[in-house]
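Structure file start38.cif with mmCIF, C-alpha atoms and all ligand atoms:
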data_structure
#
loop_
_atom_site.label_atom_id
_atom_site.label_comp_id
_atom_site.auth_asym_id
_atom_site.auth_seq_id
_atom_site.Cartn_x
_atom_site.Cartn_y
_atom_site.Cartn_z
CA LYS R 19 -37.85 -16.84 -21.98
CA ALA R 20 -39.92 -19.83 -20.93
CA VAL R 21 -39.30 -22.85 -23.16
CA SER R 22 -42.96 -22.81 -24.30
CA GLU R 23 -42.61 -19.22 -25.63
CA LEU R 24 -39.63 -20.00 -27.88
CA THR R 25 -39.90 -20.36 -31.66
CA THR R 26 -38.17 -23.45 -33.09
CA ALA R 27 -35.40 -21.26 -34.52
CA GLN R 28 -34.80 -19.57 -31.16
CA ALA R 29 -34.76 -22.94 -29.38
CA GLN R 30 -32.28 -24.37 -31.92
CA GLN R 31 -29.95 -21.39 -31.43
CA GLU R 32 -30.10 -21.51 -27.62
CA ILE R 33 -29.59 -25.31 -27.56
CA ALA R 34 -26.55 -25.08 -29.82
CA LYS R 35 -24.98 -22.34 -27.66
CA LEU R 36 -25.67 -24.22 -24.41
CA GLN R 37 -24.22 -27.46 -25.83
CA ASP R 38 -20.99 -25.62 -26.80
CA ASP R 39 -20.66 -23.69 -23.53
CA LEU R 40 -21.39 -26.69 -21.26
CA THR R 41 -18.95 -28.89 -23.19
CA ARG R 42 -16.22 -26.28 -22.74
CA TYR R 43 -17.01 -25.78 -19.03
CA GLY R 44 -16.95 -29.57 -18.53
CA VAL R 45 -13.50 -29.83 -20.09
CA GLU R 46 -12.22 -26.88 -18.01
CA TYR R 47 -13.63 -28.50 -14.87
CA TYR R 48 -12.14 -31.96 -15.09
CA GLU R 49 -9.19 -31.27 -17.38
CA ASP R 50 -7.81 -28.03 -15.97
CA ASP R 51 -8.94 -28.14 -12.35
CA ASN R 52 -9.74 -24.46 -12.80
CA PRO R 53 -13.32 -24.05 -14.13
CA SER R 54 -14.31 -20.62 -15.46
CA VAL R 55 -17.86 -20.73 -14.03
CA GLU R 56 -19.18 -21.62 -10.58
CA ASP R 57 -20.79 -25.05 -10.23
CA HIS R 58 -24.26 -23.54 -9.60
CA VAL R 59 -24.00 -21.55 -12.85
CA TYR R 60 -23.01 -24.73 -14.72
CA ASP R 61 -25.94 -26.57 -13.08
CA ALA R 62 -28.44 -23.83 -14.08
CA PHE R 63 -27.26 -23.90 -17.73
CA TYR R 64 -27.36 -27.69 -17.64
CA ALA R 65 -30.97 -27.78 -16.34
CA ARG R 66 -32.01 -25.27 -19.06
CA LEU R 67 -30.48 -27.45 -21.77
CA VAL R 68 -32.28 -30.56 -20.41
CA ASP R 69 -35.62 -28.67 -20.59
CA LEU R 70 -34.93 -27.33 -24.09
CA GLU R 71 -33.84 -30.72 -25.46
CA ALA R 72 -36.95 -32.34 -23.92
CA ALA R 73 -39.22 -29.76 -25.62
CA PHE R 74 -37.27 -29.80 -28.93
CA PRO R 75 -35.93 -33.40 -29.32
CA GLN R 76 -35.06 -32.72 -32.96
CA PHE R 77 -32.05 -30.71 -31.68
CA MET R 78 -30.78 -33.40 -29.27
CA THR R 79 -27.36 -34.75 -30.33
CA PRO R 80 -25.36 -37.71 -28.90
CA GLU R 81 -22.44 -35.28 -28.23
CA SER R 82 -24.63 -33.12 -26.03
CA PRO R 83 -23.29 -32.78 -22.46
CA THR R 84 -26.66 -34.18 -21.31
CA GLN R 85 -25.82 -37.45 -23.12
CA ARG R 86 -22.34 -37.85 -21.58
CA VAL R 87 -21.49 -41.02 -19.65
CA GLY R 88 -22.29 -40.43 -15.99
CA GLY R 89 -25.02 -37.96 -16.95
CA THR R 90 -25.12 -34.91 -14.68
CA ASN R 91 -22.33 -32.48 -13.87
CA VAL R 92 -19.11 -33.75 -15.47
CA LYS R 93 -17.28 -34.05 -12.16
CA SER R 94 -14.25 -36.20 -11.67
CA GLU R 95 -15.56 -39.70 -12.43
CA LEU R 96 -12.42 -41.41 -11.18
CA THR R 97 -12.96 -44.31 -8.76
CA LYS R 98 -12.39 -43.43 -5.12
CA ILE R 99 -9.86 -45.44 -3.09
CA THR R 100 -9.00 -45.49 0.63
CA HIS R 101 -5.38 -45.20 1.76
CA PRO R 102 -4.70 -47.82 4.49
CA VAL R 103 -1.77 -45.62 5.61
CA PRO R 104 -2.88 -41.97 5.49
CA MET R 105 -1.00 -39.59 3.20
CA LEU R 106 0.12 -36.79 5.52
CA SER R 107 0.96 -33.17 4.76
CA LEU R 108 4.00 -31.23 5.84
CA GLY R 109 4.08 -28.50 8.46
CA ASP R 110 5.43 -25.23 7.02
CA VAL R 111 7.85 -22.55 8.19
CA PHE R 112 8.60 -19.36 6.28
CA SER R 113 11.87 -18.14 7.81
CA LEU R 114 15.22 -19.51 9.00
CA GLU R 115 14.32 -18.33 12.50
CA GLU R 116 11.17 -20.50 12.55
CA LEU R 117 13.26 -23.37 11.14
CA GLN R 118 15.73 -22.95 14.01
CA ASP R 119 12.81 -23.11 16.46
CA TRP R 120 11.70 -26.39 14.86
CA ASP R 121 15.27 -27.74 15.09
CA ALA R 122 15.45 -26.74 18.77
CA ARG R 123 12.08 -28.42 19.56
CA THR R 124 13.06 -31.59 17.71
CA THR R 125 16.49 -31.74 19.35
CA LYS R 126 14.86 -31.27 22.75
CA ALA R 127 12.28 -34.00 22.08
CA LEU R 128 15.03 -36.43 21.03
CA GLY R 129 17.48 -35.35 23.76
CA PHE R 130 20.27 -34.87 21.19
CA GLN R 131 21.05 -33.18 17.84
CA SER R 132 20.14 -35.73 15.14
CA ASP R 133 21.12 -35.84 11.46
CA TYR R 134 18.60 -34.40 9.01
CA ASN R 135 18.00 -35.38 5.41
CA LEU R 136 17.37 -32.26 3.34
CA GLU R 137 15.26 -32.63 0.17
CA LEU R 138 13.78 -30.23 -2.38
CA LYS R 139 10.02 -29.87 -1.96
CA ILE R 140 8.65 -30.75 -5.39
CA ASP R 141 5.67 -28.63 -6.46
CA GLY R 142 3.46 -31.31 -8.00
CA LEU R 143 0.76 -33.57 -6.66
CA ALA R 144 1.24 -36.44 -4.25
CA VAL R 145 0.53 -40.01 -5.36
CA ALA R 146 0.71 -43.44 -3.78
CA LEU R 147 2.12 -46.30 -5.92
CA ASP R 148 1.22 -49.85 -4.87
CA TYR R 149 3.55 -52.63 -6.06
CA GLU R 150 2.70 -56.32 -5.54
CA ASN R 151 5.59 -58.74 -6.03
CA GLY R 152 7.31 -55.93 -7.86
CA GLU R 153 4.39 -55.18 -10.25
CA LEU R 154 2.64 -51.79 -10.22
CA VAL R 155 -0.98 -52.70 -9.39
CA GLN R 156 -2.50 -49.39 -8.29
CA ALA R 157 -1.76 -45.68 -8.31
CA SER R 158 -3.87 -43.13 -6.46
CA THR R 159 -3.96 -39.43 -5.68
CA ARG R 160 -3.64 -38.07 -2.15
CA GLY R 161 -7.22 -36.70 -2.09
CA ASN R 162 -7.94 -35.65 1.49
CA GLY R 163 -5.17 -37.92 2.80
CA THR R 164 -7.46 -40.88 3.46
CA ILE R 165 -9.73 -41.02 0.36
CA GLY R 166 -8.01 -40.49 -2.99
CA GLU R 167 -8.79 -41.22 -6.65
CA ASP R 168 -7.63 -44.20 -8.69
CA VAL R 169 -5.28 -42.96 -11.45
CA THR R 170 -3.60 -46.31 -12.25
CA ALA R 171 -4.17 -46.25 -16.03
CA ASN R 172 -2.90 -42.68 -16.24
CA VAL R 173 0.19 -43.30 -14.09
CA LYS R 174 1.12 -46.31 -16.25
CA THR R 175 1.69 -43.85 -19.12
CA ILE R 176 4.41 -42.00 -17.16
CA GLN R 177 7.82 -43.19 -18.42
CA ALA R 178 9.66 -42.29 -15.18
CA ILE R 179 7.48 -44.72 -13.18
CA PRO R 180 8.48 -48.41 -13.65
CA GLN R 181 5.71 -51.00 -14.19
CA ARG R 182 8.05 -53.48 -12.50
CA LEU R 183 10.63 -53.04 -9.72
CA SER R 184 14.07 -54.67 -9.96
CA GLU R 185 13.07 -56.79 -6.92
CA PRO R 186 9.69 -58.59 -6.38
CA LEU R 187 8.72 -56.42 -3.39
CA THR R 188 5.17 -55.83 -2.14
CA ILE R 189 5.39 -52.21 -1.07
CA GLU R 190 3.56 -48.89 -1.28
CA VAL R 191 5.75 -45.91 -2.13
CA ARG R 192 4.73 -42.25 -2.22
CA GLY R 193 6.01 -39.41 -4.28
CA GLU R 194 5.16 -36.35 -6.27
CA ILE R 195 4.04 -36.33 -9.90
CA TYR R 196 5.06 -33.15 -11.67
CA MET R 197 5.15 -31.63 -15.15
CA PRO R 198 8.66 -30.54 -16.24
CA LYS R 199 8.79 -26.80 -17.00
CA LYS R 200 9.70 -27.48 -20.67
CA SER R 201 6.63 -29.72 -21.10
CA PHE R 202 4.50 -27.10 -19.36
CA ALA R 203 5.65 -24.34 -21.75
CA LYS R 204 5.09 -26.58 -24.80
CA LEU R 205 1.61 -27.62 -23.57
CA ASN R 206 0.52 -24.01 -23.02
CA GLN R 207 1.80 -22.99 -26.46
CA GLN R 208 -0.30 -25.82 -27.94
CA ARG R 209 -3.37 -24.72 -25.95
CA GLU R 210 -3.00 -21.12 -27.11
CA LEU R 211 -2.86 -22.39 -30.71
CA GLU R 212 -6.08 -24.35 -30.07
CA GLY R 213 -7.73 -21.28 -28.50
CA LEU R 214 -7.81 -22.99 -25.09
CA ALA R 215 -7.06 -21.21 -21.82
CA PRO R 216 -3.44 -21.86 -20.74
CA PHE R 217 -2.75 -23.72 -17.47
CA ALA R 218 -1.97 -21.31 -14.61
CA ASN R 219 1.14 -23.22 -13.43
CA PRO R 220 2.88 -26.63 -13.80
CA ARG R 221 1.11 -27.95 -10.71
CA ASN R 222 -2.38 -27.34 -12.12
CA ALA R 223 -1.21 -28.74 -15.46
CA ALA R 224 0.05 -31.90 -13.74
CA ALA R 225 -3.18 -32.26 -11.70
CA GLY R 226 -5.37 -31.67 -14.77
CA SER R 227 -3.27 -34.10 -16.83
CA LEU R 228 -3.22 -36.81 -14.17
CA ARG R 229 -6.93 -36.72 -13.29
CA GLN R 230 -7.96 -37.45 -16.88
CA LEU R 231 -10.60 -40.07 -17.62
CA ASP R 232 -8.75 -40.85 -20.84
CA ALA R 233 -5.21 -42.13 -20.21
CA LYS R 234 -4.29 -41.32 -23.83
CA VAL R 235 -4.55 -37.62 -22.93
CA THR R 236 -2.29 -38.17 -19.89
CA LYS R 237 0.25 -39.96 -22.08
CA LYS R 238 0.68 -36.90 -24.29
CA ARG R 239 1.33 -34.62 -21.31
CA GLU R 240 4.91 -35.83 -20.54
CA LEU R 241 4.59 -36.05 -16.76
CA SER R 242 7.39 -37.20 -14.47
CA ALA R 243 7.79 -38.12 -10.81
CA PHE R 244 10.05 -38.28 -7.75
CA VAL R 245 9.54 -40.93 -5.02
CA TYR R 246 10.34 -39.91 -1.42
CA TYR R 247 8.48 -42.02 1.14
CA THR R 248 7.32 -45.47 2.16
CA ALA R 249 5.75 -46.62 5.42
CA ASP R 250 7.06 -50.12 4.58
CA PHE R 251 10.72 -49.32 5.26
CA GLU R 252 11.46 -52.80 6.70
CA THR R 253 10.35 -54.33 3.36
CA LEU R 254 12.46 -51.71 1.59
CA GLY R 255 15.46 -52.51 3.81
CA ALA R 256 16.31 -48.96 4.89
CA GLU R 257 17.13 -47.44 8.28
CA THR R 258 17.44 -43.80 7.26
CA GLN R 259 15.58 -41.45 4.90
CA SER R 260 18.75 -40.98 2.82
CA GLY R 261 19.15 -44.77 2.69
CA ALA R 262 15.50 -45.14 1.62
CA LEU R 263 16.10 -42.79 -1.33
CA GLN R 264 19.09 -44.90 -2.39
CA ARG R 265 17.00 -48.08 -2.15
CA PHE R 266 14.19 -46.47 -4.22
CA ALA R 267 16.76 -45.69 -6.92
CA ALA R 268 18.14 -49.27 -6.75
CA LEU R 269 14.59 -50.58 -7.36
CA GLY R 270 14.31 -48.43 -10.49
CA LEU R 271 12.08 -45.75 -8.94
CA PRO R 272 12.74 -42.10 -9.88
CA THR R 273 14.33 -40.12 -7.04
CA ASN R 274 15.61 -36.58 -6.71
CA THR R 275 19.36 -36.78 -6.06
CA THR R 276 19.79 -33.28 -4.59
CA ASN R 277 19.23 -34.55 -1.03
CA GLN R 278 21.95 -34.05 1.59
CA VAL R 279 22.46 -35.40 5.13
CA ILE R 280 23.20 -32.40 7.36
CA SER R 281 22.85 -31.77 11.09
CA VAL R 282 24.32 -28.32 11.64
CA MET R 283 21.95 -25.39 11.11
CA SER R 284 24.60 -23.28 9.34
CA TYR R 285 24.85 -25.90 6.56
CA ILE R 286 21.04 -26.12 6.39
CA SER R 287 20.81 -22.40 5.66
CA SER R 288 23.51 -22.61 2.97
CA TYR R 289 21.61 -25.52 1.30
CA ILE R 290 18.46 -23.35 1.39
CA THR R 291 20.31 -20.31 0.01
CA HIS R 292 21.84 -22.44 -2.77
CA TYR R 293 18.51 -23.81 -3.99
CA THR R 294 16.72 -20.49 -3.57
CA GLN R 295 19.23 -19.16 -6.13
CA GLN R 296 19.22 -22.32 -8.31
CA ARG R 297 15.40 -22.52 -8.39
CA ASP R 298 14.99 -21.09 -11.90
CA THR R 299 17.67 -23.39 -13.35
CA LEU R 300 15.78 -26.57 -12.35
CA ASP R 301 13.49 -28.19 -14.91
CA TYR R 302 10.87 -28.87 -12.23
CA GLY R 303 9.01 -26.57 -9.88
CA ILE R 304 10.04 -26.50 -6.21
CA ASP R 305 8.27 -24.52 -3.50
CA GLY R 306 10.70 -25.13 -0.64
CA VAL R 307 13.13 -27.44 1.16
CA VAL R 308 11.99 -30.36 3.34
CA VAL R 309 14.04 -31.10 6.48
CA LYS R 310 13.51 -34.66 7.79
CA VAL R 311 15.00 -36.47 10.78
CA ASN R 312 17.17 -38.98 8.91
CA ALA R 313 17.03 -42.03 11.22
CA LEU R 314 13.74 -43.88 10.64
CA ASP R 315 13.55 -45.24 14.21
CA LEU R 316 13.80 -41.66 15.52
CA GLN R 317 10.97 -40.69 13.14
CA LEU R 318 8.85 -43.36 14.84
CA ASP R 319 9.84 -42.03 18.28
CA LEU R 320 8.71 -38.52 17.32
CA GLY R 321 5.55 -39.79 15.59
CA ASN R 322 2.90 -37.74 13.78
CA THR R 323 -0.12 -35.59 14.54
CA VAL R 324 -3.35 -36.47 12.67
CA LYS R 325 -2.24 -34.42 9.65
CA ILE R 326 1.56 -34.00 9.73
CA PRO R 327 4.73 -35.81 10.86
CA ARG R 328 6.57 -34.28 13.84
CA TRP R 329 9.89 -35.41 12.34
CA ALA R 330 9.70 -33.30 9.14
CA ILE R 331 9.16 -29.65 8.28
CA ALA R 332 8.91 -27.75 4.99
CA TYR R 333 10.78 -24.45 4.72
CA LYS R 334 8.72 -22.60 2.07
CA PHE R 335 10.31 -20.22 -0.45
CA PRO R 336 8.49 -16.90 -0.90
CA PRO R 337 6.13 -17.46 -3.90
CA GLU R 338 7.74 -16.03 -7.07
CA GLU R 339 4.71 -14.22 -8.51
CA ALA R 340 3.96 -12.56 -5.15
CA LEU R 341 7.52 -11.19 -5.05
CA THR R 342 7.07 -9.72 -8.55
CA THR R 343 3.78 -8.11 -7.44
CA VAL R 344 5.42 -6.64 -4.34
CA ARG R 345 8.27 -5.22 -6.47
CA ASP R 346 5.69 -3.66 -8.84
CA ILE R 347 3.94 -1.93 -5.91
CA GLU R 348 7.27 -0.59 -4.59
CA TRP R 349 8.09 0.60 -8.13
CA THR R 350 4.77 2.48 -8.61
CA VAL R 351 5.13 4.04 -5.14
C1 LIG R 401 7.03 -36.73 4.75
C2 LIG R 401 5.83 -36.62 3.80
C3 LIG R 401 4.65 -36.04 4.57
C4 LIG R 401 5.44 -38.03 3.28
N1 LIG R 401 5.09 -38.88 4.39
C5 LIG R 401 3.80 -39.31 4.61
O1 LIG R 401 2.86 -39.04 3.86
C6 LIG R 401 3.57 -40.12 5.84
C7 LIG R 401 2.46 -40.97 5.92
C8 LIG R 401 2.24 -41.72 7.09
C9 LIG R 401 3.12 -41.59 8.15
O2 LIG R 401 2.96 -42.26 9.36
C10 LIG R 401 1.98 -43.22 9.51
C11 LIG R 401 2.32 -44.55 9.22
C12 LIG R 401 1.34 -45.53 9.40
C13 LIG R 401 0.06 -45.18 9.87
C14 LIG R 401 -0.25 -43.82 10.16
C15 LIG R 401 0.72 -42.83 9.97
C16 LIG R 401 4.22 -40.75 8.06
C17 LIG R 401 4.44 -40.02 6.90
C18 LIG R 401 6.18 -35.76 2.59
C19 LIG R 401 5.18 -35.05 1.92
C20 LIG R 401 5.51 -34.28 0.78
C21 LIG R 401 6.85 -34.23 0.36
C22 LIG R 401 7.32 -33.47 -0.77
N2 LIG R 401 6.49 -32.73 -1.52
N3 LIG R 401 8.62 -33.48 -1.10
C23 LIG R 401 9.49 -34.20 -0.37
N4 LIG R 401 10.81 -34.19 -0.73
N5 LIG R 401 9.13 -34.94 0.71
C24 LIG R 401 7.81 -34.97 1.09
N6 LIG R 401 7.47 -35.72 2.18
#
Exercise: express the given structure as structure tokens:
Amino acid sequence: KAVSELTTAQAQQEIAKLQDDLTRYGVEYYEDDNPSVEDHVYDAFYARLVDLEAAFPQFMTPESPTQRVGGTNVKSELTKITHPVPMLSLGDVFSLEELQDWDARTTKALGFQSDYNLELKIDGLAVALDYENGELVQASTRGNGTIGEDVTANVKTIQAIPQRLSEPLTIEVRGEIYMPKKSFAKLNQQRELEGLAPFANPRNAAAGSLRQLDAKVTKKRELSAFVYYTADFETLGAETQSGALQRFAALGLPTNTTNQVISVMSYISSYITHYTQQRDTLDYGIDGVVVKVNALDLQLDLGNTVKIPRWAIAYKFPPEEALTTVRDIEWTV
């Protein structure tokens, strides 16, 4: 109905419903990273509420979504930051055969078989941590690799991440922020109790918890982290990837200690088999194994494409839920 045709009672009812719905959609959008309505639907409801509140100001309330800081669509209002060193992605392979091809290409490019550092691929979201003279001064999300979001206040609530390094280094380190599986289960139980939609997986829960405008919400979400990269490896004082991980730990940064230096393919496949089986016993989500040329000077020789390093590859596990689906289909057939 056109706003002018509404009785006051009808307008009051529609305004109240729109205020509730839009508040819930706004929370879903920037808290859960998985909104339940398309943006254009949200925008249409929002415009209707603006018209109704203009025609019936007696029903305007300060809590109304139209009165929120930043006005319009409650998008992520985090400050944007530019990464001086881009945050790259990893190339993927999905079989041991493809991994062997990558090993052969890399060995050919180097002219010899080099050592690899094998690491679990943490299923979280990538962050950059900037330390100045050992103090954490900025934390930011990967974003598109060049432009990310400032999440400094939120990251400072994560116990695993030190505010101060054990040495006064000025260095940017990168890692993955994740939500431990136990925290994820507890959080979803709490959300069910509150009648809120549960998070789809620990990664969404971590993203939704990290990209909060209110750091007090982040604090309650029990996030953790693993650090795995720095471009400033001279400052760090490391010559290999495995050495860099040891130096991160010495500085007080959280690292994942399951890494192994291996160069023979047969051992690589047994590492992969081991962690494919151990996956459910870990308290954090992994979606694969990352194989990295261990010597940092050789990484520089191999270089990177615009988006990914040539000296690293991610072997991806088959996604768990997909496997279950496939089994179901086989079963019904
Ligand atoms: C290897 C890298 C992609 C990080 N490295 C970078 O982001 C990166 C960034 C600039 C680089 O090179 C440049 C340096 C200066 C200027 C331009 C490029 C090289 C690598 C990566 C990404 C995700 C990982 C993950 N989930 N788990 C583990 N265990 N390791 C991971 N490693």
Tell me, as number ranges by chain, which residues lie within 12 Å of R:Lys204, counting all atoms listed in the file; anything in the same chain fewer than 4 positions away does not count.
R: 197-200, 208-211, 216-217, 220, 223, 238-240
Closest of R:Thr100, R:Ser227, R:Lys139, R:Tyr149 to R:Tyr293 - atom-to-atom distances counting all atoms listed in the file
R:Lys139
Put a box with edges along x, y and z around all the listed atoms of ligand LIG 401 (chain R), pad it by 5 Å on each side, then give me its centre and sizes in Å, one decimal, as AutoDock Vina command-line options.
--center_x 5.3 --center_y -39.1 --center_z 4.3 --size_x 21.1 --size_y 22.8 --size_z 21.7
As a quick test: using all atoms listed in the file, which residues lie no more than 6 Å away from ligand LIG 401 (chain R)? Give them as a list in words.
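Result of the 6 Å neighbour search around ligand LIG 401 (chain R): Val103, Pro104, Met105, Leu106, Ser107, Leu108, Glu137, Leu138, Lys139, Ile140, Tyr246, Tyr247, Ala249, Val308 and Pro327 of chain R.
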Written file, previous selection with C-alpha atoms, as a PDB file, in the coordinates of the input:
ATOM      1  CA  VAL R 103      -1.770 -45.620   5.610  1.00  0.00           C
ATOM      2  CA  PRO R 104      -2.880 -41.970   5.490  1.00  0.00           C
ATOM      3  CA  MET R 105      -1.000 -39.590   3.200  1.00  0.00           C
ATOM      4  CA  LEU R 106       0.120 -36.790   5.520  1.00  0.00           C
ATOM      5  CA  SER R 107       0.960 -33.170   4.760  1.00  0.00           C
ATOM      6  CA  LEU R 108       4.000 -31.230   5.840  1.00  0.00           C
ATOM      7  CA  GLU R 137      15.260 -32.630   0.170  1.00  0.00           C
ATOM      8  CA  LEU R 138      13.780 -30.230  -2.380  1.00  0.00           C
ATOM      9  CA  LYS R 139      10.020 -29.870  -1.960  1.00  0.00           C
ATOM     10  CA  ILE R 140       8.650 -30.750  -5.390  1.00  0.00           C
ATOM     11  CA  TYR R 246      10.340 -39.910  -1.420  1.00  0.00           C
ATOM     12  CA  TYR R 247       8.480 -42.020   1.140  1.00  0.00           C
ATOM     13  CA  ALA R 249       5.750 -46.620   5.420  1.00  0.00           C
ATOM     14  CA  VAL R 308      11.990 -30.360   3.340  1.00  0.00           C
ATOM     15  CA  PRO R 327       4.730 -35.810  10.860  1.00  0.00           C
TER      16      PRO R 327
END
Need the shell around R:Thr159: protein/DNA/RNA residues with any atom at most 6 Å away, counting only C-alpha atoms. Skip same-chain ones fewer than 5 positions apart. Format as a compact mmCIF listing (two decimals) with C-alpha atoms, keeping the file's coordinate frame?
# COMPACT_ATOMS: atom_id res chain seq x y z
CA VAL R 145 0.53 -40.01 -5.36
CA GLY R 166 -8.01 -40.49 -2.99
CA GLU R 167 -8.79 -41.22 -6.65
Between atom CA of R:Tyr289 and atom CA of R:Thr125, what is the distance in Å, rounded to a tenth?
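That distance, rounded to one decimal, is 19.8 Å.
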I'd like the neighbourhood of stretch 313-317 of chain R as a PyMOL selection string, where a residue qualifies if any of its atoms comes within 9 Å (using only C-alpha atoms), though same-chain residues fewer than 6 positions away should be ignored.
chain R and resi 128+132-135+251+256-260+327-330
For a test of reading the model, state the distance in Å between atom CA of R:Gly142 and atom CA of R:Ala218, rounded to one decimal.
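Computing it gives 13.2 Å between the two atoms.
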Given only C-alpha atoms as the counted atoms, nearest of R:Pro102, R:Thr41, R:Glu185, R:Asp119 to R:Pro83
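Nearest candidate to R:Pro83 out of R:Pro102, R:Thr41, R:Glu185, R:Asp119: R:Thr41.
Considering only C-alpha atoms, the residue among R:Thr164, R:Ser242, R:Gln85, R:Asn222 positioned nearest to R:Thr273 is R:Ser242.
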Non-local contacts of R:Ile195 (10 Å; all atoms listed in the file; under 5 positions in same chain excluded) as number ranges by chain
R: 140-146, 159, 173, 176, 178-179, 221, 224-225, 228, 241-245
How many Å separate atom CA of R:Leu318 from atom CA of R:Trp120?
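The value is 17.2 Å.
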Which of R:Val235, R:Gln177, R:Asp148, R:Gln295 sits closest to R:Leu205 [using only C-alpha atoms]
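Ranked by minimum distance to R:Leu205, first place goes to R:Val235.
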Looking at only C-alpha atoms, which of R:Leu70, R:Ile189, R:Ala332, R:Val282 is the one that sits closest to R:Asp110?
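With only C-alpha atoms as the atom set, the closest residue is R:Ala332.
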Pick the closest to R:Glu150 from R:Ser54, R:Asn162, R:Thr253, R:Gln76: which is it, counting only C-alpha atoms?
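The shortest atom-to-atom distance to R:Glu150 comes from R:Thr253.
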Quick test: take stretch 205-218 of chain R, keep N, CA, C and O atoms, and write it as a tab-separated table (two decimals), in the first residue's frame.
chain	number	residue	atom	x	y	z
R	205	LEU	N	29.73	-21.71	20.75
R	205	LEU	CA	29.12	-20.48	20.22
R	205	LEU	C	27.79	-20.82	19.54
R	205	LEU	O	26.77	-20.15	19.75
R	206	ASN	N	27.76	-21.91	18.76
R	206	ASN	CA	26.53	-22.26	18.05
R	206	ASN	C	25.43	-22.71	19.01
R	206	ASN	O	24.26	-22.43	18.81
R	207	GLN	N	25.87	-23.39	20.10
R	207	GLN	CA	24.87	-23.80	21.11
R	207	GLN	C	24.22	-22.53	21.67
R	207	GLN	O	23.00	-22.41	21.76
R	208	GLN	N	25.07	-21.54	22.00
R	208	GLN	CA	24.60	-20.27	22.58
R	208	GLN	C	23.64	-19.59	21.61
R	208	GLN	O	22.58	-19.10	21.98
R	209	ARG	N	23.99	-19.60	20.33
R	209	ARG	CA	23.15	-18.92	19.32
R	209	ARG	C	21.80	-19.62	19.18
R	209	ARG	O	20.76	-18.99	19.06
R	210	GLU	N	21.83	-20.95	19.26
R	210	GLU	CA	20.54	-21.68	19.18
R	210	GLU	C	19.67	-21.26	20.36
R	210	GLU	O	18.49	-20.99	20.20
R	211	LEU	N	20.31	-21.17	21.56
R	211	LEU	CA	19.53	-20.79	22.76
R	211	LEU	C	18.91	-19.41	22.55
R	211	LEU	O	17.79	-19.14	22.96
R	212	GLU	N	19.67	-18.52	21.88
R	212	GLU	CA	19.17	-17.14	21.68
R	212	GLU	C	18.28	-17.05	20.44
R	212	GLU	O	17.91	-15.97	20.01
R	213	GLY	N	17.99	-18.19	19.81
R	213	GLY	CA	17.13	-18.16	18.62
R	213	GLY	C	17.81	-17.54	17.42
R	213	GLY	O	17.17	-17.08	16.48
R	214	LEU	N	19.18	-17.54	17.44
R	214	LEU	CA	19.91	-16.99	16.28
R	214	LEU	C	20.33	-18.13	15.37
R	214	LEU	O	20.53	-19.25	15.83
R	215	ALA	N	20.52	-17.82	14.09
R	215	ALA	CA	20.96	-18.85	13.14
R	215	ALA	C	22.38	-19.26	13.51
R	215	ALA	O	23.22	-18.41	13.79
R	216	PRO	N	22.69	-20.57	13.53
R	216	PRO	CA	24.06	-21.00	13.84
R	216	PRO	C	25.01	-20.66	12.70
R	216	PRO	O	24.58	-20.49	11.55
R	217	PHE	N	26.32	-20.51	13.02
R	217	PHE	CA	27.31	-20.27	11.97
R	217	PHE	C	27.47	-21.55	11.15
R	217	PHE	O	27.41	-22.65	11.69
R	218	ALA	N	27.70	-21.42	9.85
R	218	ALA	CA	27.77	-22.59	8.96
R	218	ALA	C	29.02	-23.41	9.28
R	218	ALA	O	28.99	-24.63	9.24
